[in-house]
Amino acid sequence: MQKGLKLGILTCALLGFAGLLIFSGSVTGAAKQTLTSVYSKAAPTGLDDPAWGKIKALEVPFDGKEIFAGKKASVATKAVFTDSEIYFWFNWKDATLSVTKEAWKYDGQNWARQKGDEDRISLLFEINRINNYATKGCAVVCHVPAGAPNAKEGKFGTATDAEKGDLWHWKAARSDPAGYADDGYLAKISDTKGGRKGDAGKGGDKQNITDDKTKPKYMLAPGKKLGKNNILLAADAVEITDYSVFKAGDVITYRMPVAAEGSFGDIKAVSRYADGAWTVMLSRKLNTGNDDDVAFDPRKKYNFTMALFDDSKDYDSYDSEALTLEFKK
Amino acid sequence: MSEAEVHTSEERQTAAAGRECCAQLLRLQVPADAICWHRFFGALQLALIGLLFLTGVLMALAYTPVPGTAYDSVDYFQFSLPFGDVVRGVHHYAWNLLLVVMGLHLLRALVLGAYKSPRQPVWISGVLFLLVMPLFIITGDLLPWDQKGYWSTQVRFSIIASIPVAGDFLLQLFRGGPLTGIVALTRLYVLHILLLPGALVLLIGLHMYFLGTRGLSGPLSGNAAHGPKVPFLPDIVNRWLAVFLLSAIGLGLVAWQWPAALGDPADPTDSAFIPRPEWWVLSLNQLVAIFRGPFMVLGSAIIPGGLVFLLGALPFLDRSPERRPSKRLGVMLAAAVVLAALAVLSVMGYVEHFVRPEH
């Protein structure tokens, strides 16, 4: 019995040790950057919430495309999730605050739209699996050249109906002043139509231009204040009845952010431009219940890519490789 | 005799045979320590195989053996179906634990000289498991159609192809064409869920039969035949059910807490992906890595195959009736050398793939 007891203890110890070896970690594949969303009971209240300070940022490298070809960029990225929401925190260097987006400028006689675009950051998740997106990233999402018939509506899309992406698009001039990022989705691109669509609901921006396209149609309504970075929000605009009130050098927003409603406004945004860098926080429900949104399940991993736009149009961007988003409680 | 009377007579005979079989089972007496707290590896293996079968059947209900869609079906099973993650996790962990327990079972039999007369067939039928189990790995890893499974399979296919004479034939048999696509997936799926489980059941039957006719390995001294006996039904069956339930609950809890990983979907064009070998294949992987080029076959087939052959031939190489390990120093030393070599190779493999993955 003594001998049996020793043998039993030895075998149990061996089993336990083997179990520890087996269960001590999962085996993964080759290197791919993983952003770990860390659980927090309380939602981060803003860009400087202590929750962000506790997390080490993932430095995501970006490669420039088109006019930025050969250039590099980098975005410090963090993520936190609560029982119902997910929060992303981004910080990247940008020497110039770009929110012009062709704003009107008055020279004392005529109105003209200024040159200049806006800073943006976008994220693309899979709603339904996009073939090889996990490894190739944005490269497998069909982009069409400017001027193509199907470039009018969205410029890019997926190859089949079964593939669908969730596009988060933060725009410094057109969405951020209204406190959100555009929530869109990516569907199949056809020969005549692009695959980039806006989620159900209202949002985006309203063009501030007269029918003869020579001057702005709206100005700030009395008693209202301009939004962040002196952007005129559509909700605070009133039609101009007397253009003589303007003096040379006056600037009026051309693309006025519209308050988002419905699924289009799922992604809330907070931002700050300071010391030559943007800091942006985006948040959304883990599961909005909308077909046009990715539903985050903290047990799963998600593939996503990011793109950065520095005062540039859609084709001129810095793109990241495919990344993995995981959740850790 | 009319046709109806023939039928009735046959039915009576069948019923009588069934009753006799049940009666035999009820009368069956087995050693009291057939399953006990210090002899449970065999019972645990059977429980784990049972769990693998059960969870495998449940997963097969949702699985689609088509590249791409296979991944989606596994993803759906794991994350959308109730308890899908637990079922897949139990399958994953039961397999890992089975390999550990099989190794310990084999080691115990080796150390205690359980392969000696009259139990040689029990030992040989046990060693035969070593030939079947790797096939489960080769066929099962590809099924989720994820990056790791796909590229691990590619590595294994290249190893299989290096086997002299039979390599190309075996590769063609598994892959069914020049590329790892739908034909390969279908073939491996059929092998994994139909042919290999069938072979495993036959092997288990054979092993149990020899166990029944040749007996359990008794104590190192004394006569086991005079030891206490208990009825197979219900005592031994109940003990096995307890092992099964404990394993199911334990693995279920582990799977619930740490679900089995599901990597990125397979991308056959992404040759930059380097799969990291699982712990149980680290030594073999390293062996293959040591013998490169024309000598690859040494690491991929000759050395592992030779070891399995020597293991099977052990009862004929060590014929003395002596079972005490202290009196079988030659066998013990050889076993220790092999184990040490496997451990060193595994550590080397771990360092290469996990500590310095850039290499």
# chains A, B, ... in the order shown; residues from 1 in each chain; ligands from 1
$ interface_residues --of "chain B" --to "chain A" --cutoff "6 Å" --atoms "only C-alpha atoms" --output "ChimeraX atom specification"
/B:38,148,264,267,273-276
$ select_by_dssp --residues "segment 83-272 of chain A" --states "strand (DSSP E)" --output "ChimeraX atom specification"
/A:85-93,104-106,111-113,120-128,142-143,156-157,164-171,180-186,196-198,205-207,218-220,237-239,251-252,255-257,267-272
$ select_by_dssp --residues "segment 171-222 of chain B" --states "alpha helix (DSSP H)" --output "MDAnalysis selection string"
chainID B and resid 171:175 182:190 196:214
$ write_last_selection --atoms "C-alpha atoms" --output "PDB file, in the first residue's frame"
ATOM      1  CA  LEU B 171       1.488  12.664 -50.170  1.00  0.00           C
ATOM      2  CA  GLN B 172      -0.794  12.037 -53.127  1.00  0.00           C
ATOM      3  CA  LEU B 173      -2.997   9.895 -50.903  1.00  0.00           C
ATOM      4  CA  PHE B 174      -3.403  12.654 -48.324  1.00  0.00           C
ATOM      5  CA  ARG B 175      -3.487  15.653 -50.611  1.00  0.00           C
ATOM      6  CA  ILE B 182     -10.748  21.085 -51.137  1.00  0.00           C
ATOM      7  CA  VAL B 183      -9.728  17.517 -52.061  1.00  0.00           C
ATOM      8  CA  ALA B 184      -7.087  17.413 -49.327  1.00  0.00           C
ATOM      9  CA  LEU B 185      -9.514  18.883 -46.808  1.00  0.00           C
ATOM     10  CA  THR B 186     -12.215  16.362 -47.705  1.00  0.00           C
ATOM     11  CA  ARG B 187      -9.797  13.442 -47.539  1.00  0.00           C
ATOM     12  CA  LEU B 188      -8.331  14.492 -44.223  1.00  0.00           C
ATOM     13  CA  TYR B 189     -11.831  15.114 -42.867  1.00  0.00           C
ATOM     14  CA  VAL B 190     -13.032  11.637 -43.844  1.00  0.00           C
ATOM     15  CA  LEU B 196      -9.102   6.707 -38.087  1.00  0.00           C
ATOM     16  CA  PRO B 197     -11.730   6.523 -35.328  1.00  0.00           C
ATOM     17  CA  GLY B 198     -12.721   3.147 -36.794  1.00  0.00           C
ATOM     18  CA  ALA B 199      -9.114   2.001 -36.660  1.00  0.00           C
ATOM     19  CA  LEU B 200      -8.797   3.346 -33.130  1.00  0.00           C
ATOM     20  CA  VAL B 201     -11.898   1.465 -31.958  1.00  0.00           C
ATOM     21  CA  LEU B 202     -10.475  -1.738 -33.474  1.00  0.00           C
ATOM     22  CA  LEU B 203      -7.158  -1.156 -31.730  1.00  0.00           C
ATOM     23  CA  ILE B 204      -8.879  -0.469 -28.417  1.00  0.00           C
ATOM     24  CA  GLY B 205     -10.889  -3.673 -28.878  1.00  0.00           C
ATOM     25  CA  LEU B 206      -7.713  -5.606 -29.636  1.00  0.00           C
ATOM     26  CA  HIS B 207      -5.900  -4.100 -26.658  1.00  0.00           C
ATOM     27  CA  MET B 208      -8.807  -4.883 -24.329  1.00  0.00           C
ATOM     28  CA  TYR B 209      -9.085  -8.406 -25.701  1.00  0.00           C
ATOM     29  CA  PHE B 210      -5.424  -9.100 -24.986  1.00  0.00           C
ATOM     30  CA  LEU B 211      -5.799  -7.432 -21.627  1.00  0.00           C
ATOM     31  CA  GLY B 212      -8.680  -9.785 -20.862  1.00  0.00           C
ATOM     32  CA  THR B 213      -6.870 -12.929 -22.032  1.00  0.00           C
ATOM     33  CA  ARG B 214      -3.329 -12.105 -20.842  1.00  0.00           C
TER      34      ARG B 214
END
$ closest_residue --among "B:Leu128, B:Ala242, B:Leu339, B:Leu191" --to "Phe309 of chain B" --atoms "only C-alpha atoms"
B:Leu128
$ residues_around --residues "segment 115-124 of chain A" --least-positions-apart "3" --cutoff "8 Å" --atoms "only C-alpha atoms" --output "ChimeraX atom specification"
/A:97-102,165-173,304-313
$ residues_around --residues "Gly195 of chain A" --least-positions-apart "3" --cutoff "7 Å" --atoms "only C-alpha atoms" --output "PyMOL selection string"
chain A and resi 154+156-158+186-189
$ residues_around --residues "segment 110-119 of chain B" --least-positions-apart "5" --cutoff "12 Å" --atoms "only C-alpha atoms" --output "PDB file with N, CA, C and O atoms, in the first residue's frame"
ATOM      1  N   LEU A   7       3.475   5.697  -5.666  1.00  0.00           N
ATOM      2  CA  LEU A   7       3.307   5.652  -7.120  1.00  0.00           C
ATOM      3  C   LEU A   7       2.155   6.565  -7.555  1.00  0.00           C
ATOM      4  O   LEU A   7       2.251   7.294  -8.544  1.00  0.00           O
TER       5      LEU A   7
ATOM      6  N   GLY B 103       1.657   8.821 -22.968  1.00  0.00           N
ATOM      7  CA  GLY B 103       3.097   8.771 -22.712  1.00  0.00           C
ATOM      8  C   GLY B 103       3.388   8.180 -21.341  1.00  0.00           C
ATOM      9  O   GLY B 103       4.262   7.317 -21.184  1.00  0.00           O
ATOM     10  N   LEU B 104       2.626   8.629 -20.349  1.00  0.00           N
ATOM     11  CA  LEU B 104       2.839   8.134 -18.986  1.00  0.00           C
ATOM     12  C   LEU B 104       2.455   6.653 -18.880  1.00  0.00           C
ATOM     13  O   LEU B 104       3.115   5.873 -18.182  1.00  0.00           O
ATOM     14  N   HIS B 105       1.392   6.268 -19.565  1.00  0.00           N
ATOM     15  CA  HIS B 105       0.922   4.875 -19.583  1.00  0.00           C
ATOM     16  C   HIS B 105       2.019   3.975 -20.148  1.00  0.00           C
ATOM     17  O   HIS B 105       2.340   2.923 -19.589  1.00  0.00           O
ATOM     18  N   ILE B 124       2.314  -4.904 -27.586  1.00  0.00           N
ATOM     19  CA  ILE B 124       2.416  -4.602 -29.030  1.00  0.00           C
ATOM     20  C   ILE B 124       1.168  -3.858 -29.511  1.00  0.00           C
ATOM     21  O   ILE B 124       1.270  -2.871 -30.254  1.00  0.00           O
ATOM     22  N   SER B 125      -0.001  -4.300 -29.053  1.00  0.00           N
ATOM     23  CA  SER B 125      -1.221  -3.590 -29.472  1.00  0.00           C
ATOM     24  C   SER B 125      -1.207  -2.156 -28.936  1.00  0.00           C
ATOM     25  O   SER B 125      -1.754  -1.243 -29.560  1.00  0.00           O
ATOM     26  N   GLY B 126      -0.580  -1.961 -27.787  1.00  0.00           N
ATOM     27  CA  GLY B 126      -0.455  -0.606 -27.244  1.00  0.00           C
ATOM     28  C   GLY B 126       0.479   0.240 -28.078  1.00  0.00           C
ATOM     29  O   GLY B 126       0.199   1.410 -28.357  1.00  0.00           O
ATOM     30  N   VAL B 127       1.594  -0.362 -28.497  1.00  0.00           N
ATOM     31  CA  VAL B 127       2.564   0.384 -29.322  1.00  0.00           C
ATOM     32  C   VAL B 127       1.939   0.772 -30.670  1.00  0.00           C
ATOM     33  O   VAL B 127       2.263   1.823 -31.241  1.00  0.00           O
ATOM     34  N   HIS B 207      -6.656  -4.326 -27.905  1.00  0.00           N
ATOM     35  CA  HIS B 207      -5.900  -4.100 -26.658  1.00  0.00           C
ATOM     36  C   HIS B 207      -6.676  -4.670 -25.470  1.00  0.00           C
ATOM     37  O   HIS B 207      -6.104  -5.357 -24.613  1.00  0.00           O
ATOM     38  N   MET B 208      -7.965  -4.398 -25.432  1.00  0.00           N
ATOM     39  CA  MET B 208      -8.807  -4.883 -24.329  1.00  0.00           C
ATOM     40  C   MET B 208      -8.905  -6.406 -24.357  1.00  0.00           C
ATOM     41  O   MET B 208      -8.915  -7.060 -23.310  1.00  0.00           O
ATOM     42  N   TYR B 209      -8.991  -6.953 -25.576  1.00  0.00           N
ATOM     43  CA  TYR B 209      -9.085  -8.406 -25.701  1.00  0.00           C
ATOM     44  C   TYR B 209      -7.832  -9.056 -25.116  1.00  0.00           C
ATOM     45  O   TYR B 209      -7.911 -10.000 -24.312  1.00  0.00           O
ATOM     46  N   PHE B 210      -6.680  -8.542 -25.507  1.00  0.00           N
ATOM     47  CA  PHE B 210      -5.424  -9.100 -24.986  1.00  0.00           C
ATOM     48  C   PHE B 210      -5.300  -8.867 -23.480  1.00  0.00           C
ATOM     49  O   PHE B 210      -4.777  -9.714 -22.763  1.00  0.00           O
ATOM     50  N   LEU B 211      -5.822  -7.729 -23.058  1.00  0.00           N
ATOM     51  CA  LEU B 211      -5.799  -7.432 -21.627  1.00  0.00           C
ATOM     52  C   LEU B 211      -6.643  -8.465 -20.868  1.00  0.00           C
ATOM     53  O   LEU B 211      -6.261  -8.941 -19.793  1.00  0.00           O
ATOM     54  N   GLY B 212      -7.788  -8.798 -21.478  1.00  0.00           N
ATOM     55  CA  GLY B 212      -8.680  -9.785 -20.862  1.00  0.00           C
ATOM     56  C   GLY B 212      -8.072 -11.175 -20.848  1.00  0.00           C
ATOM     57  O   GLY B 212      -8.212 -11.925 -19.873  1.00  0.00           O
ATOM     58  N   THR B 213      -7.398 -11.552 -21.935  1.00  0.00           N
ATOM     59  CA  THR B 213      -6.870 -12.929 -22.032  1.00  0.00           C
ATOM     60  C   THR B 213      -5.501 -13.071 -21.373  1.00  0.00           C
ATOM     61  O   THR B 213      -5.176 -14.125 -20.840  1.00  0.00           O
ATOM     62  N   ARG B 214      -4.688 -12.005 -21.412  1.00  0.00           N
ATOM     63  CA  ARG B 214      -3.329 -12.105 -20.842  1.00  0.00           C
ATOM     64  C   ARG B 214      -3.227 -11.499 -19.447  1.00  0.00           C
ATOM     65  O   ARG B 214      -2.213 -11.643 -18.787  1.00  0.00           O
ATOM     66  N   GLY B 215      -4.226 -10.747 -19.046  1.00  0.00           N
ATOM     67  CA  GLY B 215      -4.255 -10.219 -17.691  1.00  0.00           C
ATOM     68  C   GLY B 215      -3.530  -8.892 -17.513  1.00  0.00           C
ATOM     69  O   GLY B 215      -2.727  -8.476 -18.355  1.00  0.00           O
ATOM     70  N   LEU B 216      -3.861  -8.253 -16.394  1.00  0.00           N
ATOM     71  CA  LEU B 216      -3.185  -6.998 -16.039  1.00  0.00           C
ATOM     72  C   LEU B 216      -1.794  -7.312 -15.522  1.00  0.00           C
ATOM     73  O   LEU B 216      -1.532  -8.422 -15.068  1.00  0.00           O
ATOM     74  N   SER B 217      -0.933  -6.302 -15.604  1.00  0.00           N
ATOM     75  CA  SER B 217       0.388  -6.522 -15.018  1.00  0.00           C
ATOM     76  C   SER B 217       0.241  -6.490 -13.503  1.00  0.00           C
ATOM     77  O   SER B 217      -0.290  -5.541 -12.936  1.00  0.00           O
ATOM     78  N   GLY B 218       0.697  -7.566 -12.872  1.00  0.00           N
ATOM     79  CA  GLY B 218       0.547  -7.673 -11.427  1.00  0.00           C
ATOM     80  C   GLY B 218       1.651  -6.941 -10.711  1.00  0.00           C
ATOM     81  O   GLY B 218       2.451  -6.226 -11.325  1.00  0.00           O
ATOM     82  N   PRO B 219       1.716  -7.116  -9.396  1.00  0.00           N
ATOM     83  CA  PRO B 219       2.803  -6.498  -8.635  1.00  0.00           C
ATOM     84  C   PRO B 219       4.154  -7.081  -9.038  1.00  0.00           C
ATOM     85  O   PRO B 219       4.210  -8.171  -9.618  1.00  0.00           O
ATOM     86  N   LEU B 220       5.219  -6.368  -8.741  1.00  0.00           N
ATOM     87  CA  LEU B 220       6.553  -6.809  -9.155  1.00  0.00           C
ATOM     88  C   LEU B 220       6.947  -8.111  -8.466  1.00  0.00           C
ATOM     89  O   LEU B 220       7.759  -8.875  -8.980  1.00  0.00           O
ATOM     90  N   SER B 221       6.391  -8.345  -7.313  1.00  0.00           N
ATOM     91  CA  SER B 221       6.633  -9.614  -6.642  1.00  0.00           C
ATOM     92  C   SER B 221       5.288 -10.180  -6.190  1.00  0.00           C
ATOM     93  O   SER B 221       4.318  -9.445  -6.032  1.00  0.00           O
ATOM     94  N   LEU B 311      10.499  -0.268 -29.865  1.00  0.00           N
ATOM     95  CA  LEU B 311       9.533  -0.311 -28.765  1.00  0.00           C
ATOM     96  C   LEU B 311       8.616  -1.531 -28.913  1.00  0.00           C
ATOM     97  O   LEU B 311       8.361  -2.254 -27.941  1.00  0.00           O
ATOM     98  N   GLY B 312       8.154  -1.755 -30.155  1.00  0.00           N
ATOM     99  CA  GLY B 312       7.278  -2.903 -30.410  1.00  0.00           C
ATOM    100  C   GLY B 312       8.005  -4.220 -30.204  1.00  0.00           C
ATOM    101  O   GLY B 312       7.421  -5.218 -29.764  1.00  0.00           O
ATOM    102  N   ALA B 313       9.309  -4.219 -30.529  1.00  0.00           N
ATOM    103  CA  ALA B 313      10.087  -5.464 -30.444  1.00  0.00           C
ATOM    104  C   ALA B 313      10.651  -5.707 -29.047  1.00  0.00           C
ATOM    105  O   ALA B 313      11.274  -6.747 -28.802  1.00  0.00           O
ATOM    106  N   LEU B 314      10.400  -4.788 -28.133  1.00  0.00           N
ATOM    107  CA  LEU B 314      10.998  -4.881 -26.795  1.00  0.00           C
ATOM    108  C   LEU B 314      10.736  -6.228 -26.095  1.00  0.00           C
ATOM    109  O   LEU B 314      11.672  -6.808 -25.509  1.00  0.00           O
ATOM    110  N   PRO B 315       9.497  -6.751 -26.145  1.00  0.00           N
ATOM    111  CA  PRO B 315       9.260  -8.032 -25.454  1.00  0.00           C
ATOM    112  C   PRO B 315      10.143  -9.159 -25.992  1.00  0.00           C
ATOM    113  O   PRO B 315      10.410 -10.130 -25.283  1.00  0.00           O
ATOM    114  N   PHE B 316      10.579  -9.024 -27.232  1.00  0.00           N
ATOM    115  CA  PHE B 316      11.406 -10.083 -27.832  1.00  0.00           C
ATOM    116  C   PHE B 316      12.894  -9.810 -27.627  1.00  0.00           C
ATOM    117  O   PHE B 316      13.720 -10.699 -27.767  1.00  0.00           O
ATOM    118  N   LEU B 317      13.204  -8.568 -27.327  1.00  0.00           N
ATOM    119  CA  LEU B 317      14.609  -8.218 -27.066  1.00  0.00           C
ATOM    120  C   LEU B 317      14.958  -8.436 -25.588  1.00  0.00           C
ATOM    121  O   LEU B 317      16.088  -8.759 -25.247  1.00  0.00           O
ATOM    122  N   ASP B 318      13.984  -8.219 -24.726  1.00  0.00           N
ATOM    123  CA  ASP B 318      14.200  -8.390 -23.292  1.00  0.00           C
ATOM    124  C   ASP B 318      13.272  -9.511 -22.808  1.00  0.00           C
ATOM    125  O   ASP B 318      12.150  -9.261 -22.373  1.00  0.00           O
ATOM    126  N   ARG B 319      13.780 -10.757 -22.900  1.00  0.00           N
ATOM    127  CA  ARG B 319      12.919 -11.914 -22.638  1.00  0.00           C
ATOM    128  C   ARG B 319      12.972 -12.430 -21.203  1.00  0.00           C
ATOM    129  O   ARG B 319      12.206 -13.315 -20.847  1.00  0.00           O
ATOM    130  N   SER B 320      13.884 -11.903 -20.420  1.00  0.00           N
ATOM    131  CA  SER B 320      14.002 -12.441 -19.064  1.00  0.00           C
ATOM    132  C   SER B 320      12.706 -12.169 -18.297  1.00  0.00           C
ATOM    133  O   SER B 320      12.049 -11.144 -18.527  1.00  0.00           O
ATOM    134  N   PRO B 321      12.348 -13.055 -17.387  1.00  0.00           N
ATOM    135  CA  PRO B 321      11.101 -12.840 -16.628  1.00  0.00           C
ATOM    136  C   PRO B 321      11.226 -11.731 -15.579  1.00  0.00           C
ATOM    137  O   PRO B 321      10.232 -11.311 -15.001  1.00  0.00           O
ATOM    138  N   GLU B 322      12.439 -11.272 -15.367  1.00  0.00           N
ATOM    139  CA  GLU B 322      12.675 -10.246 -14.344  1.00  0.00           C
ATOM    140  C   GLU B 322      11.955  -8.935 -14.697  1.00  0.00           C
ATOM    141  O   GLU B 322      12.086  -8.417 -15.795  1.00  0.00           O
ATOM    142  N   ARG B 323      11.178  -8.395 -13.729  1.00  0.00           N
ATOM    143  CA  ARG B 323      10.443  -7.152 -13.995  1.00  0.00           C
ATOM    144  C   ARG B 323      10.925  -5.986 -13.151  1.00  0.00           C
ATOM    145  O   ARG B 323      10.548  -4.836 -13.423  1.00  0.00           O
ATOM    146  N   ARG B 324      11.704  -6.267 -12.141  1.00  0.00           N
ATOM    147  CA  ARG B 324      12.150  -5.164 -11.282  1.00  0.00           C
ATOM    148  C   ARG B 324      13.089  -4.230 -12.076  1.00  0.00           C
ATOM    149  O   ARG B 324      14.067  -4.709 -12.661  1.00  0.00           O
ATOM    150  N   PRO B 325      12.813  -2.945 -12.084  1.00  0.00           N
ATOM    151  CA  PRO B 325      13.636  -2.003 -12.868  1.00  0.00           C
ATOM    152  C   PRO B 325      15.109  -2.062 -12.488  1.00  0.00           C
ATOM    153  O   PRO B 325      15.983  -1.934 -13.352  1.00  0.00           O
ATOM    154  N   SER B 326      15.378  -2.287 -11.201  1.00  0.00           N
ATOM    155  CA  SER B 326      16.779  -2.302 -10.756  1.00  0.00           C
ATOM    156  C   SER B 326      17.553  -3.474 -11.349  1.00  0.00           C
ATOM    157  O   SER B 326      18.786  -3.460 -11.379  1.00  0.00           O
ATOM    158  N   LYS B 327      16.825  -4.482 -11.807  1.00  0.00           N
ATOM    159  CA  LYS B 327      17.495  -5.639 -12.404  1.00  0.00           C
ATOM    160  C   LYS B 327      17.464  -5.580 -13.937  1.00  0.00           C
ATOM    161  O   LYS B 327      17.835  -6.538 -14.606  1.00  0.00           O
ATOM    162  N   ARG B 328      16.939  -4.497 -14.470  1.00  0.00           N
ATOM    163  CA  ARG B 328      16.882  -4.360 -15.940  1.00  0.00           C
ATOM    164  C   ARG B 328      17.565  -3.048 -16.330  1.00  0.00           C
ATOM    165  O   ARG B 328      16.984  -2.209 -17.015  1.00  0.00           O
ATOM    166  N   LEU B 329      18.764  -2.898 -15.884  1.00  0.00           N
ATOM    167  CA  LEU B 329      19.456  -1.618 -16.060  1.00  0.00           C
ATOM    168  C   LEU B 329      19.664  -1.249 -17.530  1.00  0.00           C
ATOM    169  O   LEU B 329      19.613  -0.074 -17.889  1.00  0.00           O
ATOM    170  N   GLY B 330      19.875  -2.242 -18.370  1.00  0.00           N
ATOM    171  CA  GLY B 330      20.093  -1.974 -19.797  1.00  0.00           C
ATOM    172  C   GLY B 330      18.897  -1.286 -20.424  1.00  0.00           C
ATOM    173  O   GLY B 330      19.024  -0.240 -21.076  1.00  0.00           O
ATOM    174  N   VAL B 331      17.719  -1.856 -20.190  1.00  0.00           N
ATOM    175  CA  VAL B 331      16.483  -1.283 -20.756  1.00  0.00           C
ATOM    176  C   VAL B 331      16.216   0.092 -20.139  1.00  0.00           C
ATOM    177  O   VAL B 331      15.854   1.044 -20.845  1.00  0.00           O
ATOM    178  N   MET B 332      16.408   0.188 -18.835  1.00  0.00           N
ATOM    179  CA  MET B 332      16.159   1.459 -18.148  1.00  0.00           C
ATOM    180  C   MET B 332      17.079   2.563 -18.691  1.00  0.00           C
ATOM    181  O   MET B 332      16.655   3.691 -18.916  1.00  0.00           O
ATOM    182  N   LEU B 333      18.347   2.178 -18.896  1.00  0.00           N
ATOM    183  CA  LEU B 333      19.325   3.152 -19.394  1.00  0.00           C
ATOM    184  C   LEU B 333      18.947   3.604 -20.813  1.00  0.00           C
ATOM    185  O   LEU B 333      18.972   4.808 -21.124  1.00  0.00           O
ATOM    186  N   ALA B 334      18.580   2.631 -21.648  1.00  0.00           N
ATOM    187  CA  ALA B 334      18.194   2.967 -23.031  1.00  0.00           C
ATOM    188  C   ALA B 334      16.981   3.892 -23.028  1.00  0.00           C
ATOM    189  O   ALA B 334      16.926   4.887 -23.769  1.00  0.00           O
ATOM    190  N   ALA B 335      16.005   3.560 -22.149  1.00  0.00           N
ATOM    191  CA  ALA B 335      14.794   4.385 -22.072  1.00  0.00           C
ATOM    192  C   ALA B 335      15.145   5.798 -21.599  1.00  0.00           C
ATOM    193  O   ALA B 335      14.621   6.790 -22.123  1.00  0.00           O
ATOM    194  N   ALA B 336      16.047   5.868 -20.632  1.00  0.00           N
ATOM    195  CA  ALA B 336      16.444   7.178 -20.103  1.00  0.00           C
ATOM    196  C   ALA B 336      17.145   8.002 -21.171  1.00  0.00           C
ATOM    197  O   ALA B 336      16.912   9.216 -21.288  1.00  0.00           O
TER     198      ALA B 336
END
$ atom_distance --atom1 "atom CA of Asn208 of chain A" --atom2 "atom CA of Val238 of chain A"
10.5 Å
$ residues_around --residues "segment 49-51 of chain A" --least-positions-apart "5" --cutoff "10 Å" --atoms "only C-alpha atoms" --output "PyMOL selection string"
chain A and resi 38-40+42-44+79-80
$ write_last_selection --atoms "C-alpha atoms" --output "CSV table (one decimal), in the first residue's frame"
chain,number,residue,atom,x,y,z
A,38,VAL,CA,-8.1,45.6,-21.6
A,39,TYR,CA,-11.2,45.2,-19.4
A,40,SER,CA,-12.2,48.1,-17.2
A,42,ALA,CA,-15.6,52.0,-15.4
A,43,ALA,CA,-15.7,53.6,-18.8
A,44,PRO,CA,-12.8,56.1,-19.6
A,79,ALA,CA,-8.0,49.9,-26.3
A,80,VAL,CA,-10.2,49.4,-23.3
$ residues_around --residues "Asp266 of chain A" --least-positions-apart "3" --cutoff "12 Å" --atoms "only C-alpha atoms" --output "PyMOL selection string"
chain A and resi 85-86+166-169+179-184+198-203+259-263+269+282-290+292-294
$ atom_distance --atom1 "atom CA of Val270 of chain A" --atom2 "atom CA of Lys65 of chain A"
27.1 Å
